[in-house]
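K.L.:
File my_file.txt follows (compact mmCIF, N, CA and C atoms):
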# COMPACT_ATOMS: atom_id res chain seq x y z
N MET A 175 101.89 91.87 79.13
CA MET A 175 101.54 93.09 78.47
C MET A 175 101.91 94.26 79.38
N THR A 176 102.46 95.31 78.82
CA THR A 176 102.86 96.48 79.60
C THR A 176 102.02 97.68 79.21
N ALA A 177 101.98 98.66 80.09
CA ALA A 177 101.22 99.88 79.84
C ALA A 177 101.93 100.71 78.78
N ASP A 178 101.18 101.52 78.06
CA ASP A 178 101.72 102.42 77.07
C ASP A 178 102.72 103.35 77.73
N SER A 179 103.91 103.46 77.17
CA SER A 179 104.97 104.24 77.80
C SER A 179 104.68 105.74 77.78
N THR A 180 103.70 106.19 77.00
CA THR A 180 103.36 107.61 76.97
C THR A 180 102.41 107.99 78.10
N GLN A 181 101.88 107.01 78.80
CA GLN A 181 100.97 107.30 79.91
C GLN A 181 101.70 107.12 81.23
N GLU A 182 101.35 107.95 82.20
CA GLU A 182 101.91 107.80 83.53
C GLU A 182 101.13 106.72 84.27
N ALA A 183 101.77 106.10 85.21
CA ALA A 183 101.07 105.10 86.02
C ALA A 183 100.01 105.79 86.85
N ALA A 184 98.86 105.18 86.93
CA ALA A 184 97.75 105.78 87.67
C ALA A 184 97.98 105.71 89.17
N ASN A 185 97.53 106.73 89.85
CA ASN A 185 97.52 106.76 91.32
C ASN A 185 98.89 106.59 91.96
N THR A 186 99.93 107.15 91.34
CA THR A 186 101.27 107.06 91.91
C THR A 186 101.60 108.25 92.79
N GLN A 187 100.81 109.31 92.70
CA GLN A 187 101.01 110.49 93.53
C GLN A 187 99.79 110.69 94.41
N LYS A 188 99.96 111.47 95.45
CA LYS A 188 98.82 111.81 96.31
C LYS A 188 98.44 113.28 96.21
N HIS A 189 99.17 114.06 95.41
CA HIS A 189 98.85 115.47 95.22
C HIS A 189 99.08 115.83 93.75
N TYR A 190 98.09 116.47 93.14
CA TYR A 190 98.18 116.91 91.76
C TYR A 190 97.73 118.35 91.65
N ASP A 191 98.54 119.21 91.01
CA ASP A 191 98.14 120.57 90.69
C ASP A 191 97.46 120.54 89.33
N VAL A 192 96.32 121.19 89.21
CA VAL A 192 95.50 121.14 88.00
C VAL A 192 95.23 122.55 87.51
N THR A 193 95.28 122.75 86.20
CA THR A 193 94.93 124.04 85.60
C THR A 193 93.54 123.95 84.98
N ARG A 194 92.92 125.11 84.75
CA ARG A 194 91.55 125.15 84.23
C ARG A 194 91.39 124.47 82.87
N ASP A 195 92.46 124.42 82.09
CA ASP A 195 92.35 123.77 80.79
C ASP A 195 92.23 122.25 80.91
N SER A 196 92.39 121.71 82.12
CA SER A 196 92.23 120.27 82.37
C SER A 196 90.82 119.91 82.83
N LEU A 197 89.95 120.90 82.94
CA LEU A 197 88.59 120.65 83.42
C LEU A 197 87.68 120.20 82.28
N PRO A 198 86.70 119.39 82.48
CA PRO A 198 86.34 118.76 83.75
C PRO A 198 87.39 117.73 84.15
N LEU A 199 87.56 117.57 85.44
CA LEU A 199 88.60 116.71 85.99
C LEU A 199 88.06 115.33 86.33
N SER A 200 88.81 114.32 85.95
CA SER A 200 88.46 112.96 86.34
C SER A 200 89.68 112.30 86.95
N CYS A 201 89.44 111.33 87.79
CA CYS A 201 90.51 110.51 88.35
C CYS A 201 90.16 109.06 88.05
N PRO A 202 91.04 108.32 87.46
CA PRO A 202 92.33 108.74 86.92
C PRO A 202 92.16 109.69 85.75
N THR A 203 93.17 110.52 85.52
CA THR A 203 93.13 111.48 84.43
C THR A 203 93.33 110.76 83.10
N PRO A 204 92.99 111.41 81.99
CA PRO A 204 93.19 110.78 80.69
C PRO A 204 94.65 110.41 80.40
N ALA A 205 95.60 111.08 81.06
CA ALA A 205 97.02 110.78 80.84
C ALA A 205 97.49 109.55 81.62
N MET A 206 96.67 109.03 82.50
CA MET A 206 97.05 107.88 83.32
C MET A 206 96.61 106.57 82.69
N ALA A 207 97.41 105.54 82.88
CA ALA A 207 97.04 104.21 82.43
C ALA A 207 95.90 103.70 83.30
N LEU A 208 94.85 103.18 82.68
CA LEU A 208 93.68 102.76 83.43
C LEU A 208 93.70 101.29 83.83
N TRP A 209 94.57 100.52 83.26
CA TRP A 209 94.53 99.07 83.48
C TRP A 209 94.80 98.69 84.92
N ASN A 210 95.44 99.55 85.69
CA ASN A 210 95.77 99.20 87.08
C ASN A 210 95.16 100.18 88.06
N SER A 211 94.00 100.71 87.73
CA SER A 211 93.43 101.76 88.55
C SER A 211 91.98 101.47 88.90
N HIS A 212 91.37 102.43 89.56
CA HIS A 212 89.95 102.34 89.92
C HIS A 212 89.09 102.87 88.78
N PRO A 213 87.78 102.71 88.86
CA PRO A 213 86.90 103.26 87.83
C PRO A 213 87.04 104.79 87.75
N ARG A 214 86.85 105.34 86.57
CA ARG A 214 86.95 106.79 86.40
C ARG A 214 85.79 107.48 87.12
N VAL A 215 86.14 108.52 87.87
CA VAL A 215 85.15 109.32 88.57
C VAL A 215 85.45 110.79 88.28
N TYR A 216 84.41 111.56 87.99
CA TYR A 216 84.59 112.99 87.74
C TYR A 216 84.50 113.73 89.07
N LEU A 217 85.43 114.67 89.26
CA LEU A 217 85.57 115.37 90.54
C LEU A 217 85.16 116.83 90.40
N PRO A 218 84.41 117.38 91.37
CA PRO A 218 83.92 118.76 91.32
C PRO A 218 84.96 119.77 91.80
N LEU A 219 86.05 119.87 91.11
CA LEU A 219 87.16 120.72 91.51
C LEU A 219 86.79 122.20 91.48
N GLU A 220 85.91 122.61 90.58
CA GLU A 220 85.58 124.04 90.43
C GLU A 220 84.88 124.61 91.66
N GLU A 221 84.19 123.79 92.42
CA GLU A 221 83.39 124.28 93.55
C GLU A 221 84.23 124.92 94.65
N GLU A 222 85.30 124.25 95.09
CA GLU A 222 86.10 124.76 96.19
C GLU A 222 87.58 124.97 95.85
N GLY A 223 87.97 124.60 94.63
CA GLY A 223 89.36 124.77 94.24
C GLY A 223 90.24 123.60 94.60
N LYS A 224 89.67 122.63 95.31
CA LYS A 224 90.40 121.41 95.61
C LYS A 224 89.40 120.30 95.92
N CYS A 225 89.82 119.08 95.72
CA CYS A 225 88.97 117.93 96.03
C CYS A 225 89.84 116.69 96.17
N VAL A 226 89.25 115.67 96.76
CA VAL A 226 89.96 114.41 97.00
C VAL A 226 89.19 113.29 96.30
N CYS A 227 89.92 112.43 95.62
CA CYS A 227 89.30 111.30 94.95
C CYS A 227 88.78 110.31 96.00
N PRO A 228 87.51 109.93 95.89
CA PRO A 228 86.96 109.01 96.89
C PRO A 228 87.51 107.58 96.78
N TYR A 229 88.11 107.24 95.65
CA TYR A 229 88.67 105.90 95.48
C TYR A 229 90.10 105.78 96.00
N CYS A 230 90.98 106.69 95.55
CA CYS A 230 92.41 106.52 95.87
C CYS A 230 92.93 107.53 96.87
N GLY A 231 92.15 108.58 97.18
CA GLY A 231 92.58 109.57 98.16
C GLY A 231 93.49 110.63 97.61
N ALA A 232 93.74 110.66 96.30
CA ALA A 232 94.59 111.68 95.71
C ALA A 232 93.92 113.04 95.82
N GLU A 233 94.69 114.06 96.17
CA GLU A 233 94.17 115.42 96.29
C GLU A 233 94.50 116.19 95.02
N PHE A 234 93.51 116.89 94.48
CA PHE A 234 93.67 117.72 93.29
C PHE A 234 93.41 119.17 93.69
N VAL A 235 94.32 120.07 93.28
CA VAL A 235 94.22 121.49 93.63
C VAL A 235 94.24 122.31 92.35
N LEU A 236 93.27 123.20 92.21
CA LEU A 236 93.20 124.10 91.07
C LEU A 236 94.19 125.23 91.29
N ILE A 237 95.13 125.43 90.39
CA ILE A 237 96.19 126.41 90.61
C ILE A 237 96.04 127.68 89.78
N ASP A 238 95.01 127.79 88.95
CA ASP A 238 94.79 129.04 88.22
C ASP A 238 93.33 129.38 88.09
Mind turning this structure into structure tokens?
P.N.:
Amino acid sequence: MTADSTQEAANTQKHYDVTRDSLPLSCPTPAMALWNSHPRVYLPLEEEGKCVCPYCGAEFVLID
């Protein structure tokens, strides 16, 4: 079985730029395939404008 081709592979990048329309933010994001990833965790990006996922180490930065 393969992942849906409309979804990106989860946790393939270590840096993601995020806009306010994507909040609340979770990792993996809804656009990522979940079958090969960690449990979904919501990240407090609004507090400091950036945060790191405690599972995969991906950094998310609010750009607007």
K.L.:
Between atom N of Gln187 in chain A and atom C of Ala205 in chain A, what is the spacing in Å?
P.N.:
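Distance reported for this atom pair: 11.6 Å.
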K.L.:
Could you check how far CA of Thr203 in chain A sits from atom N of Cys230 in chain A, in Å to one decimal?
P.N.:
12.3 Å
K.L.:
Just how far from CA of Leu217 in chain A is atom C of His189 in chain A, in Å to one decimal?
P.N.:
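Interatomic distance here is 13.9 Å.
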K.L.:
At a cut-off of 12 Å around the point (93.4, 117.4, 91.1) (file coordinates), what residues fall inside when counting only C-alpha atoms? I'd like the answer as a ChimeraX atom specification.
P.N.:
/A:185,187-194,196-203,215-220,222-227,230-237
K.L.:
Just asking: which residues within range 181-231 of chain A are strand (DSSP E) according to DSSP, as a VMD selection string?
P.N.:
chain A and resid 189 to 192 199 to 201 215 to 217 224 to 226
K.L.:
Going by DSSP on the backbone, which residues of range 178-234 of chain A come out as helix (DSSP H, G or I)? List them as a PyMOL selection string.
P.N.:
chain A and resi 194-196+219-222
